[in-house]
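Engineer: So that you have it, the file is final-v1.tsv, and it contains TSV, C-alpha atoms:
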```tsv
chain	number	residue	atom	x	y	z
A	717	MET	CA	80.19	-118.77	91.11
A	718	LEU	CA	79.13	-115.44	89.62
A	719	ALA	CA	81.34	-113.54	92.07
A	720	ALA	CA	84.35	-115.71	91.19
A	721	THR	CA	83.75	-115.12	87.47
A	722	LEU	CA	83.52	-111.34	87.99
A	723	ILE	CA	86.69	-111.28	90.09
A	724	GLY	CA	88.47	-113.36	87.46
A	725	ALA	CA	87.32	-111.04	84.65
A	726	ILE	CA	88.47	-107.96	86.57
A	727	ALA	CA	91.85	-109.52	87.32
A	728	TYR	CA	92.23	-110.56	83.68
A	729	ARG	CA	91.40	-107.04	82.47
A	730	ARG	CA	93.86	-105.45	84.92
A	731	ASN	CA	96.58	-107.83	83.75
A	732	ASN	CA	95.81	-107.02	80.11
A	733	THR	CA	95.88	-103.29	80.79
A	734	LYS	CA	99.21	-103.61	82.60
A	735	GLN	CA	100.73	-105.60	79.72
A	736	LEU	CA	99.44	-103.09	77.17
A	737	ARG	CA	100.98	-100.21	79.15
A	738	GLU	CA	104.31	-102.03	79.30
A	739	ILE	CA	104.26	-102.66	75.56
A	740	GLN	CA	103.32	-99.04	74.91
A	741	ASN	CA	106.20	-97.81	77.08
A	742	GLN	CA	108.64	-100.14	75.29
A	743	VAL	CA	107.49	-98.86	71.90
A	744	ILE	CA	107.85	-95.24	73.04
A	745	GLU	CA	111.37	-95.91	74.34
A	746	THR	CA	112.30	-97.61	71.06
A	747	TYR	CA	111.05	-94.64	69.05
A	748	LYS	CA	112.92	-92.21	71.32
A	749	SER	CA	116.11	-94.20	70.88
A	750	GLN	CA	115.73	-94.29	67.10
A	751	PHE	CA	115.00	-90.56	67.05
A	752	GLU	CA	118.18	-89.81	69.01
A	753	VAL	CA	120.25	-91.95	66.64
A	754	GLN	CA	118.75	-90.19	63.63
A	755	GLU	CA	119.45	-86.77	65.17
A	756	ARG	CA	123.12	-87.75	65.60
A	757	GLN	CA	123.26	-89.04	62.00
A	758	ILE	CA	121.73	-85.80	60.68
A	759	ALA	CA	124.24	-83.70	62.65
A	760	HIS	CA	127.10	-85.81	61.27
A	761	LEU	CA	125.81	-85.49	57.70
A	762	LYS	CA	125.48	-81.72	58.10
A	763	GLN	CA	129.14	-81.55	59.19
A	764	GLU	CA	130.16	-83.66	56.19
A	765	ASN	CA	128.14	-81.41	53.89
A	766	VAL	CA	129.85	-78.27	55.19
A	767	ALA	CA	133.29	-79.89	54.85
A	768	MET	CA	132.52	-81.05	51.32
A	769	ARG	CA	131.29	-77.61	50.26
A	770	LEU	CA	134.43	-75.97	51.71
A	771	ALA	CA	136.66	-78.46	49.88
A	772	PHE	CA	134.91	-77.75	46.59
A	773	LYS	CA	135.12	-74.01	47.22
A	774	GLN	CA	138.89	-74.31	47.72
A	775	LEU	CA	139.04	-76.04	44.34
A	776	GLY	CA	137.15	-73.14	42.78
A	777	MET	CA	133.89	-75.00	42.44
A	778	GLU	CA	130.44	-74.73	43.92
A	779	ILE	CA	128.06	-77.57	44.52
A	780	GLU	CA	124.27	-77.47	44.46
A	781	ILE	CA	122.17	-80.43	45.52
A	782	ASP	CA	118.53	-80.59	44.45
A	783	GLY	CA	116.91	-83.89	45.36
A	784	ASP	CA	118.95	-86.56	43.61
A	785	THR	CA	120.64	-84.14	41.17
A	786	ILE	CA	124.04	-82.70	42.02
A	787	THR	CA	125.27	-79.67	40.07
A	788	LEU	CA	128.98	-78.78	40.09
A	789	ILE	CA	129.74	-75.22	39.01
A	790	ASP	CA	133.30	-74.38	37.98
A	791	ALA	CA	133.64	-70.77	39.09
A	792	GLN	CA	137.35	-70.32	38.25
A	793	VAL	CA	136.53	-68.55	35.00
A	794	PRO	CA	134.16	-65.69	35.91
A	795	LYS	CA	132.57	-65.19	32.48
A	796	LYS	CA	132.33	-68.84	31.54
A	797	LYS	CA	130.91	-71.29	34.02
A	798	ARG	CA	131.01	-74.98	33.37
A	799	ILE	CA	128.02	-76.75	34.81
A	800	MET	CA	127.99	-80.52	35.12
A	801	GLN	CA	125.02	-82.42	36.48
A	802	VAL	CA	125.51	-85.81	38.10
A	803	ARG	CA	122.71	-88.18	38.99
A	804	ALA	CA	123.14	-89.28	42.65
A	805	GLU	CA	122.88	-93.04	43.10
A	806	GLN	CA	123.47	-94.94	46.28
A	807	ASP	CA	126.18	-97.54	46.17
A	808	GLU	CA	126.16	-100.68	48.29
A	809	THR	CA	128.24	-99.15	51.11
A	810	ALA	CA	125.90	-96.17	51.42
A	811	LYS	CA	122.87	-98.46	51.63
A	812	GLU	CA	124.39	-100.34	54.56
A	813	ASN	CA	124.89	-97.15	56.58
```
As structure tokens, how would this structure be written, given the file I've shared?

Structural biologist:
Amino acid sequence: MLAATLIGAIAYRRNNTKQLREIQNQVIETYKSQFEVQERQIAHLKQENVAMRLAFKQLGMEIEIDGDTITLIDAQVPKKKRIMQVRAEQDETAKEN
């Protein structure tokens, strides 16, 4: 009886350990997948940022982003710069992405 109980406990522990390893591997794979998606999103946003800055530069303006404050600098008139600050707020479409 004691031997059967010990064998059962060992088998139960092995099964638990195996299940925990499988769960751990699934969690790791999920995090890796999320990380890869976020890396692609960051690369895409960097490309958009460069394109946006170039477009503003062609219009004679510079853009500075500091946290949630965006500063547009009109550099067309060298001695007189017009600075306009805009508070960045997410709209509903940006929240979904």

Engineer: Which residues come within 10 Å of Glu778 (chain A), counting only C-alpha atoms, excluding same-chain residues fewer than 2 positions away, as a PDB file with C-alpha atoms, in the coordinates of the input?

Structural biologist:
```
ATOM      1  CA  MET A 768     132.520 -81.050  51.320  1.00  0.00           C
ATOM      2  CA  ARG A 769     131.290 -77.610  50.260  1.00  0.00           C
ATOM      3  CA  LEU A 770     134.430 -75.970  51.710  1.00  0.00           C
ATOM      4  CA  ALA A 771     136.660 -78.460  49.880  1.00  0.00           C
ATOM      5  CA  PHE A 772     134.910 -77.750  46.590  1.00  0.00           C
ATOM      6  CA  LYS A 773     135.120 -74.010  47.220  1.00  0.00           C
ATOM      7  CA  GLN A 774     138.890 -74.310  47.720  1.00  0.00           C
ATOM      8  CA  LEU A 775     139.040 -76.040  44.340  1.00  0.00           C
ATOM      9  CA  GLY A 776     137.150 -73.140  42.780  1.00  0.00           C
ATOM     10  CA  GLU A 780     124.270 -77.470  44.460  1.00  0.00           C
ATOM     11  CA  THR A 787     125.270 -79.670  40.070  1.00  0.00           C
ATOM     12  CA  LEU A 788     128.980 -78.780  40.090  1.00  0.00           C
ATOM     13  CA  ILE A 789     129.740 -75.220  39.010  1.00  0.00           C
ATOM     14  CA  ASP A 790     133.300 -74.380  37.980  1.00  0.00           C
ATOM     15  CA  ALA A 791     133.640 -70.770  39.090  1.00  0.00           C
ATOM     16  CA  GLN A 792     137.350 -70.320  38.250  1.00  0.00           C
ATOM     17  CA  ILE A 799     128.020 -76.750  34.810  1.00  0.00           C
TER      18      ILE A 799
END
```

Engineer: Quick one: distance from CA of Ala725 (chain A) to CA of Val743 (chain A) in Å, one decimal?

Structural biologist: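 So the two atoms, CA of Ala725 (chain A) and CA of Val743 (chain A), lie 26.8 Å apart.
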
Engineer: What's the separation between CA of Ile786 (chain A) and CA of Glu752 (chain A), in Å to one decimal place?

Structural biologist: 28.5 Å
